[in-house]
Amino acid sequence: MSKKWLLATCAGLLVASVMAMGAASAVEPAPLKVTPAVNTMVRNALKTLAPGVQVDAVEPAALPGFYQVIASGQLMYLSSDGRYLLNGDLIDLAQKKNVSNAAWARFRKAELAKVPASQRIVFAPAHPKYTVTVFTDVNCGYCRALHEHIAAFNKAGIAVEYLAWPREGVASTSGKPTATYSEMASIWCAADRKAAFSAAIAGKAPAAATCTNPVADQFDLGMKLGVSGTPTIVAPDGRTLGGYVTPEQMLIALQKGS
């Protein structure tokens with residue numbers, strides 16, 4: 001058998017295969033639906049990997065035959081029969097779009113909208129053009145660097161709304177509150193939160209105070225949204241804008257999303 005004949009045969013098989021795939025793809029599979037049974041299937045499937053996993057959102061994925069799942073701060077794709085799990089970015093090549101990033105942004109925006117303004121520490125100009133949410137830790141060097149420019153952020157028309165995210169966590173291995181949690185709880189319990197926050201971020205520990213406060217809930221929310229460090233800046237549309245950025249860099253990033 002000559003090599004040319006073999007190559008021609010292989011080429012023919014490839015063309016036939018592609019044509020068959022094209023014909024098959026002409027019939028769109030029935031769209032998936034999220035039902036109580038599907039939610040149960042997703043939870044049971046993920047529990048085989050991590051018994052304590054918290055499933056926060058399930059919806060049909062852009063990838064046919066898969067559900068998009070956000071669970072315990074991670075986004076993944078689970079086959080409709082619960083057998084296969086994909087963990088990574090889903091890219092729409094036709095639209096040149098990261099589908100996973102868009103899904104995360106929608107989820108963050110929806111979840112952050114549930115946080116009352118009264119539970120945030122807000123530094124804002126009179127008429128802000130943009131409002132960003134920042135998960136912060138008063139003992140984080142880059143958080144301190146960011147807050148040093150708070151007047152410049154406001155001058156640029158950017159309101160900064162802080163949520164607490166103590167990097168040490170809420171409780172130590174012994175079950176006692178971590179030092180950073182206690183410090184941030186004292187700030188959120190202060191009569192003047194903004195003044196207490198600015199003083200603490202500059203290195204002056206706040207006066208100890210206790211009250212019913214949202215610090216633990218905000219830490220849990222950050223975990224749910226995939227926060228892994230501070231500062232984490234979230235734009236109004238749910239995009240993350242990275243960690244420390246200058247006022248100029250933040251304004252450019254916000255304008256690109258407008």
# chains A, B, ... in the order shown; residues from 1 in each chain; ligands from 1
>>> select_by_dssp(residues="segment 133-225 of chain A", states="strand (DSSP E or B)", output="PyMOL selection string")
chain A and resi 133-136+158-164+171+177
>>> write_last_selection(atoms="N, CA, C and O atoms", output="compact mmCIF listing (two decimals), in the first residue's frame")
# COMPACT_ATOMS: atom_id res chain seq x y z
N THR A 133 -16.93 47.51 45.54
CA THR A 133 -16.91 46.82 46.83
C THR A 133 -15.52 46.26 47.04
O THR A 133 -14.95 45.65 46.12
N VAL A 134 -14.96 46.47 48.23
CA VAL A 134 -13.61 46.00 48.52
C VAL A 134 -13.62 45.13 49.77
O VAL A 134 -13.98 45.60 50.85
N PHE A 135 -13.25 43.86 49.60
CA PHE A 135 -13.04 43.00 50.77
C PHE A 135 -11.66 43.35 51.33
O PHE A 135 -10.66 43.30 50.60
N THR A 136 -11.62 43.71 52.60
CA THR A 136 -10.39 44.26 53.17
C THR A 136 -10.04 43.66 54.52
O THR A 136 -10.88 43.05 55.20
N ILE A 158 -15.17 57.76 42.34
CA ILE A 158 -15.33 56.36 42.72
C ILE A 158 -15.66 56.25 44.21
O ILE A 158 -14.90 56.72 45.06
N ALA A 159 -16.78 55.63 44.52
CA ALA A 159 -17.14 55.34 45.91
C ALA A 159 -16.56 53.97 46.27
O ALA A 159 -16.63 53.03 45.47
N VAL A 160 -15.99 53.88 47.45
CA VAL A 160 -15.40 52.62 47.92
C VAL A 160 -16.20 52.14 49.12
O VAL A 160 -16.33 52.83 50.12
N GLU A 161 -16.76 50.93 48.99
CA GLU A 161 -17.55 50.35 50.07
C GLU A 161 -16.80 49.12 50.58
O GLU A 161 -16.62 48.13 49.85
N TYR A 162 -16.37 49.19 51.84
CA TYR A 162 -15.57 48.12 52.42
C TYR A 162 -16.44 47.05 53.07
O TYR A 162 -17.42 47.34 53.76
N LEU A 163 -16.03 45.79 52.85
CA LEU A 163 -16.56 44.64 53.59
C LEU A 163 -15.39 43.98 54.29
O LEU A 163 -14.25 44.01 53.79
N ALA A 164 -15.65 43.40 55.45
CA ALA A 164 -14.58 42.81 56.25
C ALA A 164 -14.22 41.41 55.76
O ALA A 164 -15.10 40.58 55.51
N ALA A 171 -12.22 32.37 63.45
CA ALA A 171 -11.82 31.67 64.69
C ALA A 171 -10.53 30.90 64.47
O ALA A 171 -10.25 30.42 63.37
N PRO A 177 -11.82 33.66 68.85
CA PRO A 177 -11.76 34.63 67.75
C PRO A 177 -10.31 34.98 67.42
O PRO A 177 -9.48 35.11 68.33
>>> closest_atom_pairs(of="segment 77-128 of chain A", to="segment 228-246 of chain A", cutoff="8 Å", atoms="only C-alpha atoms", output="tab-separated table")
residue	atom	partner	partner_atom	distance
A:Asn101	CA	A:Arg239	CA	7.7
A:Ala102	CA	A:Arg239	CA	8.0
A:Trp104	CA	A:Gly238	CA	7.4
A:Ala105	CA	A:Gly238	CA	4.0
A:Arg106	CA	A:Gly238	CA	6.0
A:Phe107	CA	A:Gly238	CA	7.4
A:Arg108	CA	A:Gly238	CA	5.1
A:Lys109	CA	A:Gly238	CA	4.5
>>> select_by_dssp(residues="segment 131-249 of chain A", states="alpha helix (DSSP H)", output="PyMOL selection string")
chain A and resi 141-147+150-155+179-189+193-201+215-224+247-249
>>> atom_distance(atom1="atom CA of Ala200 of chain A", atom2="atom CA of Ser186 of chain A")
10.2 Å
>>> closest_residue(among="A:Ser182, A:Ser172, A:Thr131, A:Ser198", to="Leu254 of chain A", atoms="only C-alpha atoms")
A:Thr131
>>> residues_around(residues="Trp188 of chain A", least_positions_apart="5", cutoff="10 Å", atoms="only C-alpha atoms", output="PyMOL selection string")
chain A and resi 119-121+163-164+182-183+193-194+196-197+209-215
